file my_file31.txt (compact mmCIF, C-alpha atoms and all ligand atoms)
# COMPACT_ATOMS: atom_id res chain seq x y z
CA MET U 16 16.61 19.76 -44.28
CA ILE U 17 19.58 22.08 -44.90
CA ALA U 18 17.26 24.96 -45.84
CA LEU U 19 15.23 24.46 -42.65
CA GLU U 20 18.42 24.30 -40.61
CA HIS U 21 19.59 27.65 -42.06
CA GLU U 22 16.24 29.30 -41.44
CA LEU U 23 16.01 28.05 -37.85
CA LYS U 24 19.65 28.94 -37.18
CA ALA U 25 18.95 32.51 -38.29
CA HIS U 26 16.06 32.73 -35.83
CA PHE U 27 17.25 30.66 -32.87
CA GLY U 28 21.05 30.96 -33.06
CA ALA U 29 22.80 28.62 -30.62
CA ARG U 30 19.45 27.31 -29.37
CA LEU U 31 19.25 25.24 -32.54
CA GLU U 32 21.24 22.04 -32.14
CA THR U 33 22.04 19.51 -34.85
CA ALA U 34 22.45 15.76 -34.34
CA ARG U 35 21.43 16.26 -30.70
CA PRO U 36 21.58 12.92 -28.79
CA LEU U 37 18.26 12.27 -27.06
CA ALA U 38 19.24 9.54 -24.58
CA ASP U 39 19.90 12.00 -21.76
CA LEU U 40 16.45 13.54 -22.31
CA THR U 41 14.62 10.26 -21.68
CA SER U 42 14.00 8.33 -18.47
CA PHE U 43 15.15 5.12 -20.24
CA GLN U 44 18.47 6.87 -21.05
CA ILE U 45 18.27 5.32 -24.50
CA GLY U 46 18.07 6.76 -27.99
CA GLY U 47 19.96 8.23 -30.93
CA PRO U 48 20.10 11.84 -32.12
CA ALA U 49 17.49 14.26 -33.43
CA ASP U 50 18.51 15.81 -36.77
CA LEU U 51 17.42 19.24 -35.52
CA PHE U 52 16.56 20.15 -31.93
CA VAL U 53 15.37 23.44 -30.55
CA THR U 54 14.20 24.67 -27.17
CA VAL U 55 11.47 27.28 -27.59
CA GLU U 56 10.77 29.97 -25.00
CA SER U 57 7.54 31.55 -26.28
CA ASP U 58 4.41 30.79 -28.29
CA ALA U 59 5.86 32.95 -31.08
CA ASP U 60 9.07 30.86 -31.12
CA LEU U 61 7.07 27.69 -31.30
CA MET U 62 4.88 29.00 -34.12
CA THR U 63 7.99 30.04 -36.07
CA ALA U 64 9.60 26.62 -35.70
CA MET U 65 6.44 24.68 -36.60
CA ALA U 66 5.56 26.90 -39.55
CA ALA U 67 9.09 26.59 -40.97
CA ALA U 68 9.14 22.78 -40.63
CA HIS U 69 5.71 22.64 -42.26
CA ARG U 70 6.84 24.82 -45.16
CA TYR U 71 9.81 22.53 -45.87
CA GLN U 72 7.68 19.42 -45.27
CA ILE U 73 10.02 18.22 -42.53
CA PRO U 74 8.42 16.20 -39.70
CA ALA U 75 8.33 17.90 -36.30
CA MET U 76 7.50 16.53 -32.87
CA CYS U 77 7.48 17.75 -29.29
CA LEU U 78 9.46 16.04 -26.56
CA GLY U 79 8.20 16.31 -22.99
CA ALA U 80 10.30 14.86 -20.18
CA GLY U 81 10.79 11.66 -22.17
CA THR U 82 9.31 9.40 -19.45
CA ASN U 83 7.04 7.46 -21.77
CA LEU U 84 9.30 7.10 -24.77
CA LEU U 85 11.54 4.58 -26.44
CA VAL U 86 13.68 6.54 -28.90
CA SER U 87 15.23 4.39 -31.63
CA ASP U 88 19.00 3.89 -31.75
CA ARG U 89 19.06 5.63 -35.14
CA GLY U 90 17.36 8.67 -33.64
CA VAL U 91 14.64 10.98 -34.93
CA ARG U 92 14.56 12.43 -38.43
CA GLY U 93 13.40 16.03 -38.72
CA LEU U 94 12.82 18.56 -35.95
CA VAL U 95 12.35 17.89 -32.25
CA VAL U 96 10.98 20.78 -30.21
CA LYS U 97 11.26 21.09 -26.45
CA LEU U 98 9.32 23.66 -24.42
CA GLY U 99 11.56 25.86 -22.27
CA ASP U 100 11.05 27.04 -18.69
CA ARG U 101 8.69 29.81 -19.70
CA PHE U 102 6.09 27.15 -20.41
CA SER U 103 6.15 26.08 -16.75
CA ARG U 104 3.89 28.73 -15.27
CA MET U 105 0.65 28.19 -13.38
CA VAL U 106 -2.26 30.61 -12.90
CA ILE U 107 -4.96 29.84 -10.33
CA ASP U 108 -8.30 31.64 -10.45
CA GLY U 109 -10.74 30.07 -8.00
CA LEU U 110 -11.38 26.55 -9.26
CA ASN U 111 -9.91 27.28 -12.67
CA VAL U 112 -6.24 26.49 -13.10
CA THR U 113 -4.11 27.06 -16.19
CA VAL U 114 -0.84 25.16 -16.30
CA GLY U 115 2.05 25.50 -18.76
CA ALA U 116 2.73 22.28 -20.67
CA ALA U 117 6.36 22.09 -19.53
CA MET U 118 5.52 22.16 -15.83
CA GLN U 119 6.40 18.93 -14.07
CA PHE U 120 3.29 16.90 -13.28
CA GLY U 121 4.36 16.41 -9.66
CA ALA U 122 4.96 20.13 -9.14
CA MET U 123 1.45 20.85 -10.43
CA VAL U 124 -0.10 18.31 -8.04
CA GLU U 125 1.81 19.76 -5.09
CA ALA U 126 0.83 23.34 -5.94
CA VAL U 127 -2.91 22.69 -6.26
CA VAL U 128 -3.05 20.51 -3.16
CA ASP U 129 -1.32 23.34 -1.26
CA ARG U 130 -4.14 25.63 -2.38
CA GLY U 131 -6.79 23.16 -1.20
CA LEU U 132 -7.86 22.22 -4.72
CA ALA U 133 -8.99 18.65 -5.35
CA GLY U 134 -8.99 16.49 -8.49
CA LEU U 135 -5.33 15.97 -9.36
CA GLU U 136 -4.10 13.96 -6.34
CA PHE U 137 -4.04 10.79 -8.48
CA GLY U 138 -1.04 12.33 -10.27
CA GLU U 139 1.24 12.07 -7.24
CA GLY U 140 4.39 10.31 -8.45
CA ILE U 141 3.58 10.41 -12.18
CA PRO U 142 6.79 11.70 -13.74
CA GLY U 143 6.93 13.88 -16.83
CA THR U 144 5.33 17.14 -17.90
CA VAL U 145 1.75 18.34 -17.98
CA GLY U 146 1.84 18.35 -21.82
CA GLY U 147 3.04 14.74 -21.95
CA GLY U 148 0.47 13.82 -19.31
CA LEU U 149 -2.27 15.35 -21.43
CA VAL U 150 -1.20 13.50 -24.59
CA MET U 151 -1.07 10.20 -22.69
CA ASN U 152 -4.22 10.92 -20.65
CA ALA U 153 -1.97 10.04 -17.71
CA GLY U 154 -3.68 8.43 -14.78
CA ALA U 155 -3.28 6.26 -11.72
CA PHE U 156 -5.30 4.86 -8.84
CA GLY U 157 -8.59 5.36 -10.68
CA GLY U 158 -7.98 9.01 -11.64
CA GLU U 159 -6.99 10.43 -15.02
CA MET U 160 -6.45 13.75 -16.79
CA ALA U 161 -9.67 13.43 -18.79
CA ARG U 162 -11.80 14.10 -15.70
CA VAL U 163 -10.39 17.52 -14.89
CA VAL U 164 -9.30 19.09 -18.21
CA THR U 165 -11.51 21.72 -19.84
CA LEU U 166 -9.39 23.24 -22.61
CA VAL U 167 -6.07 22.46 -24.31
CA HIS U 168 -4.09 25.30 -25.88
CA GLY U 169 -1.42 24.73 -28.47
CA VAL U 170 0.07 25.22 -31.89
CA THR U 171 -0.93 23.27 -35.00
CA ALA U 172 1.40 21.51 -37.45
CA ASP U 173 1.42 24.61 -39.68
CA GLY U 174 2.23 27.00 -36.84
CA ALA U 175 -1.19 28.45 -35.90
CA ALA U 176 -2.51 28.94 -32.35
CA ARG U 177 -5.51 26.77 -31.54
CA ALA U 178 -7.53 25.74 -28.48
CA LEU U 179 -9.32 22.39 -28.26
CA ASN U 180 -12.12 21.55 -25.87
CA LYS U 181 -12.10 18.18 -24.09
CA HIS U 182 -14.47 16.61 -26.64
CA GLU U 183 -12.13 17.48 -29.48
CA VAL U 184 -9.28 15.87 -27.56
CA ASN U 185 -11.26 12.61 -27.39
CA PHE U 186 -9.68 11.13 -24.27
CA ALA U 187 -9.47 7.34 -23.91
CA TYR U 188 -7.43 4.95 -21.75
CA ARG U 189 -3.84 6.29 -21.99
CA ARG U 190 -4.54 7.99 -25.30
CA THR U 191 -5.96 11.09 -26.94
CA ASP U 192 -6.76 11.99 -30.54
CA LEU U 193 -5.02 15.33 -30.97
CA PRO U 194 -4.53 16.71 -34.48
CA PRO U 195 -1.26 15.39 -36.00
CA ARG U 196 1.84 17.19 -34.65
CA PHE U 197 -0.24 19.46 -32.40
CA VAL U 198 2.05 20.93 -29.71
CA ILE U 199 0.39 21.68 -26.38
CA THR U 200 1.46 24.90 -24.72
CA ARG U 201 -0.89 25.01 -21.72
CA VAL U 202 -3.84 23.18 -20.23
CA ASP U 203 -6.94 24.50 -18.42
CA PHE U 204 -8.35 22.46 -15.55
CA GLU U 205 -11.48 22.80 -13.46
CA LEU U 206 -10.89 21.48 -9.95
CA ALA U 207 -13.02 21.27 -6.81
CA TYR U 208 -12.55 22.74 -3.34
CA GLY U 209 -11.11 20.26 -0.86
CA GLU U 210 -9.76 20.12 2.68
CA ARG U 211 -6.01 20.72 2.40
CA GLU U 212 -5.00 18.27 5.14
CA GLU U 213 -7.21 15.54 3.68
CA LEU U 214 -5.74 16.09 0.23
CA ARG U 215 -2.22 15.93 1.65
CA ALA U 216 -3.02 12.69 3.47
CA ARG U 217 -4.35 11.18 0.24
CA VAL U 218 -1.20 12.19 -1.62
CA ILE U 219 1.02 10.60 1.04
CA ASP U 220 -1.06 7.43 0.92
CA LEU U 221 -0.72 7.22 -2.88
CA ARG U 222 3.02 7.87 -2.62
CA THR U 223 3.41 4.91 -0.26
CA ARG U 224 1.31 2.63 -2.45
CA ARG U 225 3.29 3.60 -5.55
CA ALA U 226 6.64 3.04 -3.81
CA ALA U 227 5.56 -0.50 -2.91
CA ARG U 228 4.73 -1.53 -6.46
CA GLN U 229 7.22 0.28 -8.68
CA PRO U 230 10.81 -0.80 -9.37
CA ARG U 231 13.39 1.67 -8.16
CA GLY U 232 16.89 2.58 -9.07
CA LEU U 233 17.15 1.56 -12.73
CA PRO U 234 16.14 3.71 -15.73
CA ASN U 235 12.74 2.79 -17.18
CA ALA U 236 9.71 4.34 -18.87
CA GLY U 237 6.95 3.19 -16.53
CA SER U 238 4.42 0.55 -17.60
CA VAL U 239 5.43 -0.92 -20.94
CA PHE U 240 1.96 -2.24 -21.86
CA LYS U 241 -1.55 -0.97 -21.21
CA ASN U 242 -3.67 -3.23 -19.05
CA PRO U 243 -6.00 -5.20 -21.34
CA PRO U 244 -9.71 -5.03 -20.38
CA GLY U 245 -10.33 -7.02 -17.20
CA ASN U 246 -6.70 -8.07 -16.82
CA PHE U 247 -3.26 -6.82 -15.83
CA ALA U 248 -0.35 -6.72 -18.27
CA GLY U 249 2.11 -7.51 -15.44
CA ARG U 250 0.18 -10.64 -14.48
CA LEU U 251 0.08 -11.86 -18.10
CA LEU U 252 3.81 -11.25 -18.56
CA GLU U 253 4.57 -13.13 -15.36
CA SER U 254 2.32 -16.02 -16.42
CA VAL U 255 4.38 -16.53 -19.60
CA GLY U 256 7.64 -16.52 -17.65
CA LEU U 257 8.96 -13.13 -18.69
CA LYS U 258 9.54 -11.57 -15.27
CA GLY U 259 13.28 -10.94 -15.16
CA ALA U 260 13.81 -11.99 -18.83
CA ARG U 261 16.84 -10.26 -20.31
CA MET U 262 17.98 -9.15 -23.76
CA GLY U 263 21.43 -7.51 -23.78
CA GLY U 264 21.28 -4.52 -21.43
CA ALA U 265 17.48 -4.55 -21.06
CA ALA U 266 15.30 -6.74 -18.87
CA PHE U 267 11.77 -7.10 -17.59
CA SER U 268 12.01 -6.01 -13.98
CA GLY U 269 12.16 -8.76 -11.40
CA GLN U 270 10.03 -6.55 -9.15
CA HIS U 271 7.19 -5.75 -11.57
CA ALA U 272 7.02 -7.58 -14.90
CA ASN U 273 5.34 -4.69 -16.73
CA PHE U 274 8.45 -2.52 -16.41
CA ILE U 275 11.48 -2.91 -18.67
CA VAL U 276 14.63 -1.59 -17.04
CA ASN U 277 17.90 -0.44 -18.55
CA LEU U 278 20.56 -2.46 -16.72
CA GLY U 279 23.25 -0.28 -18.28
CA GLY U 280 24.00 0.50 -21.90
CA ALA U 281 20.74 -0.99 -23.20
CA ARG U 282 19.96 -0.34 -26.83
CA ALA U 283 16.52 0.59 -28.10
CA GLU U 284 16.50 -2.48 -30.34
CA GLU U 285 17.00 -4.71 -27.29
CA VAL U 286 14.04 -3.10 -25.52
CA ARG U 287 12.00 -3.45 -28.68
CA ALA U 288 12.95 -7.11 -29.01
CA LEU U 289 11.66 -7.69 -25.46
CA ILE U 290 8.42 -5.88 -26.34
CA ASP U 291 7.94 -8.01 -29.48
CA LEU U 292 8.78 -11.21 -27.60
CA ALA U 293 6.26 -10.37 -24.88
CA ARG U 294 3.50 -9.58 -27.35
CA SER U 295 3.94 -12.81 -29.30
CA ARG U 296 4.30 -15.01 -26.21
CA VAL U 297 1.23 -13.54 -24.50
CA MET U 298 -0.78 -13.80 -27.73
CA GLU U 299 0.24 -17.44 -28.25
CA SER U 300 -0.54 -18.64 -24.78
CA THR U 301 -3.52 -16.45 -23.80
CA GLY U 302 -4.92 -14.97 -27.03
CA VAL U 303 -4.59 -11.48 -25.53
CA SER U 304 -3.12 -8.72 -27.70
CA LEU U 305 -0.93 -6.48 -25.54
CA GLU U 306 -0.82 -2.84 -26.63
CA PRO U 307 2.32 -0.87 -25.77
CA GLU U 308 1.81 2.15 -23.53
CA VAL U 309 5.39 3.29 -24.13
CA ARG U 310 5.64 5.22 -27.40
CA LEU U 311 8.25 4.12 -29.91
CA ILE U 312 9.59 7.11 -31.78
CA GLY U 313 12.23 7.78 -34.42
CA GLU U 314 13.61 5.74 -37.29
CA TRP U 315 13.40 1.96 -36.74
C1 LIG U 401 8.67 5.46 -13.07
C2 LIG U 401 7.53 5.84 -13.96
C3 LIG U 401 6.22 5.76 -13.48
C4 LIG U 401 5.14 6.12 -14.31
N1 LIG U 401 3.87 6.07 -13.80
C5 LIG U 401 2.83 6.43 -14.57
C6 LIG U 401 1.50 6.38 -14.06
O1 LIG U 401 1.25 6.04 -12.91
N2 LIG U 401 0.48 6.75 -14.88
C7 LIG U 401 0.71 7.17 -16.17
O2 LIG U 401 -0.26 7.51 -16.89
N3 LIG U 401 1.96 7.21 -16.69
C8 LIG U 401 3.02 6.85 -15.92
N4 LIG U 401 4.29 6.89 -16.44
C9 LIG U 401 4.49 7.24 -17.86
C10 LIG U 401 4.79 8.73 -18.10
O3 LIG U 401 5.33 9.32 -16.96
C11 LIG U 401 3.54 9.50 -18.52
O4 LIG U 401 3.00 8.99 -19.71
C12 LIG U 401 3.83 11.00 -18.69
O5 LIG U 401 2.62 11.67 -18.71
C13 LIG U 401 4.63 11.33 -19.95
O6 LIG U 401 5.01 12.71 -19.89
P1 LIG U 401 6.35 13.23 -20.57
O7 LIG U 401 6.41 14.69 -20.41
O8 LIG U 401 7.51 12.48 -20.06
O9 LIG U 401 6.05 12.88 -22.08
P2 LIG U 401 7.05 12.24 -23.16
O10 LIG U 401 7.40 10.85 -22.72
O11 LIG U 401 8.16 13.16 -23.44
O12 LIG U 401 6.10 12.16 -24.43
C14 LIG U 401 4.95 11.32 -24.46
C15 LIG U 401 4.16 11.69 -25.72
O13 LIG U 401 3.64 13.00 -25.56
C16 LIG U 401 4.10 13.87 -26.59
N5 LIG U 401 4.27 15.18 -25.97
C17 LIG U 401 4.96 15.51 -24.85
N6 LIG U 401 4.81 16.81 -24.56
C18 LIG U 401 4.03 17.33 -25.54
C19 LIG U 401 3.50 18.62 -25.81
N7 LIG U 401 3.76 19.68 -25.03
N8 LIG U 401 2.73 18.79 -26.92
C20 LIG U 401 2.46 17.74 -27.73
N9 LIG U 401 2.92 16.50 -27.53
C21 LIG U 401 3.70 16.30 -26.45
C22 LIG U 401 5.37 13.23 -27.12
O14 LIG U 401 5.60 13.59 -28.45
C23 LIG U 401 5.02 11.75 -26.98
O15 LIG U 401 4.24 11.33 -28.06
C24 LIG U 401 5.38 6.56 -15.64
C25 LIG U 401 6.71 6.65 -16.13
C26 LIG U 401 7.77 6.29 -15.29
C27 LIG U 401 9.17 6.42 -15.81
call {"tool": "encode", "arguments": {"input": "my_file31.txt", "output": "C-alpha cells"}}
result
Amino acid sequence: MIALEHELKAHFGARLETARPLADLTSFQIGGPADLFVTVESDADLMTAMAAAHRYQIPAMCLGAGTNLLVSDRGVRGLVVKLGDRFSRMVIDGLNVTVGAAMQFGAMVEAVVDRGLAGLEFGEGIPGTVGGGLVMNAGAFGGEMARVVTLVHGVTADGAARALNKHEVNFAYRRTDLPPRFVITRVDFELAYGEREELRARVIDLRTRRAARQPRGLPNAGSVFKNPPGNFAGRLLESVGLKGARMGGAAFSGQHANFIVNLGGARAEEVRALIDLARSRVMESTGVSLEPEVRLIGEW
C-alpha cells in the first residue's frame, strides 16, 4: 500500500488523499475512510491509477455520486477513484449521444429533452451519475438504461482502454455484468426523435409522481431492496411491520417502507442490521428472499 501511495503521490500530488472519509460523498451521509482516494481528470490519469493499483495488487473501485451505496463504518481498503468534471461532457450527433460517466443523470435527461430527443425521460429524478446509472441499469416508471445504451467505454482493472457493446454488458433488473473493477468513462446512447413539448410534459408528470411516493428531507440511498418478481419490496416490508422500524440513527421510512433514512448520525452497521432484520423477517413470514438494491461496500 505504501509503495502504491508513493507512486500515486508522485503522479497526482495533492489530488491523492489518504484516509479520505467517504460519508460526505454518499447520499446516506454514512461511511468510513478510503485508504487512498484520487480524483482523475483524464483517461490517461485513470489508466495510470488503475495500472498502478493492479501492479501492486491493491483493490480499486470507482465511486459515482454515492446515491446507491452503503459504505461500511470501517471504510474501504485500497484505492477509490472518482471521475472529475472533465468526465461530464456530452456530445450530440443526430440520434447518437455520448455522455461522460460523471455527468449527473438529471442533467443528461434535461439536455436531451431540450434537444427533442426521446428515450431517457424515465430518468427524471434519478440521482447520481451516468456511470453509476449504467452499472445499476438504473430505471423507473417502466424505462431503464438497457433500452437506449449502445456502447460503454472505460478502463479495465489493469489500466487498458476498452469498449463494451450492450450484449457484453449483460443488462438485467438493476444489475449489469461488467468485467471486475471496470471503470466507465463514457456511455453511447441511441435515442429517437420526439416532440420537445410532449417530452417536457412527460418529464413534469414523472416528477410529480416521484414526489408523491418518495420520502423527502432525510438522507437515504433510494430503494433498499429490489422488487421481487410480481411483488413490491415496500409492500412486503410493511406487511411484516417494519415501516418506521428504527435501529439507532437509522429507520425504515414512515412514508415508504422500502427506504431507510438516516435520522442523524446513523452508522452503517445500524443500516445493515435493519437490512438483515428485514430479509429474515420477510423470508420467515412470506418465503420471499429480498435482494438488496443498495450496494454494501468496504470492510465489514
Ligand atoms: C432519493 C433516491 C431516489 C432514487 N431513485 C432511483 C430510481 O428511481 N431508479 C433507480 O434505478 N435508482 C434510483 N436510486 C438509486 C441511485 O440513484 C442509482 O442507482 C444511481 O444510478 C447510482 O448512481 P451513482 O453515481 O450515485 O452511483 P454510486 O452509488 O456511486 O455507485 C453505484 C455502483 O456503481 C459503481 N460505479 C459508479 N460510477 C462508476 C463508474 N464510472 N465506473 C464503474 N463503476 C461505477 C460503484 O462502484 C457502485 O458499485 C435512487 C437513489 C436515491 C437516493
call {"tool": "residues_around", "arguments": {"input": "my_file31.txt", "residues": "U:Val170", "least_positions_apart": "6", "cutoff": "9 Å", "atoms": "only C-alpha atoms", "output": "ChimeraX atom specification"}}
result
/U:58,61-62,65,176-178,196-200
call {"tool": "closest_residue", "arguments": {"input": "my_file31.txt", "among": "U:Leu193, U:Leu179, U:Ile45, U:Ile141", "to": "U:Ser238", "atoms": "all atoms listed in the file"}}
result
U:Ile141
call {"tool": "residues_near_ligand", "arguments": {"input": "my_file31.txt", "ligand": "ligand LIG 401 (chain U)", "cutoff": "6 Å", "atoms": "only C-alpha atoms and all ligand atoms", "output": "PDB file with C-alpha atoms, in the coordinates of the input"}}
result
ATOM      1  CA  SER U  42      14.000   8.330 -18.470  1.00  0.00           C
ATOM      2  CA  MET U  76       7.500  16.530 -32.870  1.00  0.00           C
ATOM      3  CA  CYS U  77       7.480  17.750 -29.290  1.00  0.00           C
ATOM      4  CA  LEU U  78       9.460  16.040 -26.560  1.00  0.00           C
ATOM      5  CA  GLY U  79       8.200  16.310 -22.990  1.00  0.00           C
ATOM      6  CA  ALA U  80      10.300  14.860 -20.180  1.00  0.00           C
ATOM      7  CA  GLY U  81      10.790  11.660 -22.170  1.00  0.00           C
ATOM      8  CA  THR U  82       9.310   9.400 -19.450  1.00  0.00           C
ATOM      9  CA  ASN U  83       7.040   7.460 -21.770  1.00  0.00           C
ATOM     10  CA  LEU U  84       9.300   7.100 -24.770  1.00  0.00           C
ATOM     11  CA  ALA U 116       2.730  22.280 -20.670  1.00  0.00           C
ATOM     12  CA  ILE U 141       3.580  10.410 -12.180  1.00  0.00           C
ATOM     13  CA  PRO U 142       6.790  11.700 -13.740  1.00  0.00           C
ATOM     14  CA  GLY U 143       6.930  13.880 -16.830  1.00  0.00           C
ATOM     15  CA  THR U 144       5.330  17.140 -17.900  1.00  0.00           C
ATOM     16  CA  GLY U 146       1.840  18.350 -21.820  1.00  0.00           C
ATOM     17  CA  GLY U 147       3.040  14.740 -21.950  1.00  0.00           C
ATOM     18  CA  GLY U 148       0.470  13.820 -19.310  1.00  0.00           C
ATOM     19  CA  VAL U 150      -1.200  13.500 -24.590  1.00  0.00           C
ATOM     20  CA  MET U 151      -1.070  10.200 -22.690  1.00  0.00           C
ATOM     21  CA  ALA U 153      -1.970  10.040 -17.710  1.00  0.00           C
ATOM     22  CA  GLY U 154      -3.680   8.430 -14.780  1.00  0.00           C
ATOM     23  CA  ALA U 155      -3.280   6.260 -11.720  1.00  0.00           C
ATOM     24  CA  PHE U 197      -0.240  19.460 -32.400  1.00  0.00           C
ATOM     25  CA  VAL U 198       2.050  20.930 -29.710  1.00  0.00           C
ATOM     26  CA  ILE U 199       0.390  21.680 -26.380  1.00  0.00           C
ATOM     27  CA  THR U 200       1.460  24.900 -24.720  1.00  0.00           C
ATOM     28  CA  ASN U 235      12.740   2.790 -17.180  1.00  0.00           C
ATOM     29  CA  ALA U 236       9.710   4.340 -18.870  1.00  0.00           C
ATOM     30  CA  GLY U 237       6.950   3.190 -16.530  1.00  0.00           C
TER      31      GLY U 237
END
call {"tool": "closest_residue", "arguments": {"input": "my_file31.txt", "among": "U:Asn246, U:Thr113, U:Asn277, U:Ser254", "to": "U:Asp203", "atoms": "all atoms listed in the file"}}
result
U:Thr113
call {"tool": "closest_residue", "arguments": {"input": "my_file31.txt", "among": "U:Leu37, U:Val309, U:Ala175, U:Leu149", "to": "U:Ala67", "atoms": "only C-alpha atoms"}}
result
U:Ala175
call {"tool": "closest_residue", "arguments": {"input": "my_file31.txt", "among": "U:Val239, U:Leu31, U:Val164, U:Ala64", "to": "U:Leu135", "atoms": "only C-alpha atoms"}}
result
U:Val164
call {"tool": "residues_near_point", "arguments": {"input": "my_file31.txt", "point": "(-7.5, 11.7, -19.2)", "cutoff": "6 Å", "atoms": "all atoms listed in the file", "output": "list of chain:residue names"}}
result
U:Asn152, U:Ala153, U:Glu159, U:Met160, U:Ala161, U:Phe186
call {"tool": "residues_near_point", "arguments": {"input": "my_file31.txt", "point": "(2.8, 19.7, -4.1)", "cutoff": "12 Å", "atoms": "all atoms listed in the file", "output": "list of chain:residue names"}}
result
U:Gln119, U:Phe120, U:Gly121, U:Ala122, U:Met123, U:Val124, U:Glu125, U:Ala126, U:Val127, U:Val128, U:Asp129, U:Arg130, U:Gly131, U:Leu132, U:Ala133, U:Leu135, U:Glu136, U:Gly138, U:Glu139, U:Gly140, U:Arg211, U:Leu214, U:Arg215, U:Ala216, U:Arg217, U:Val218, U:Ile219, U:Arg222
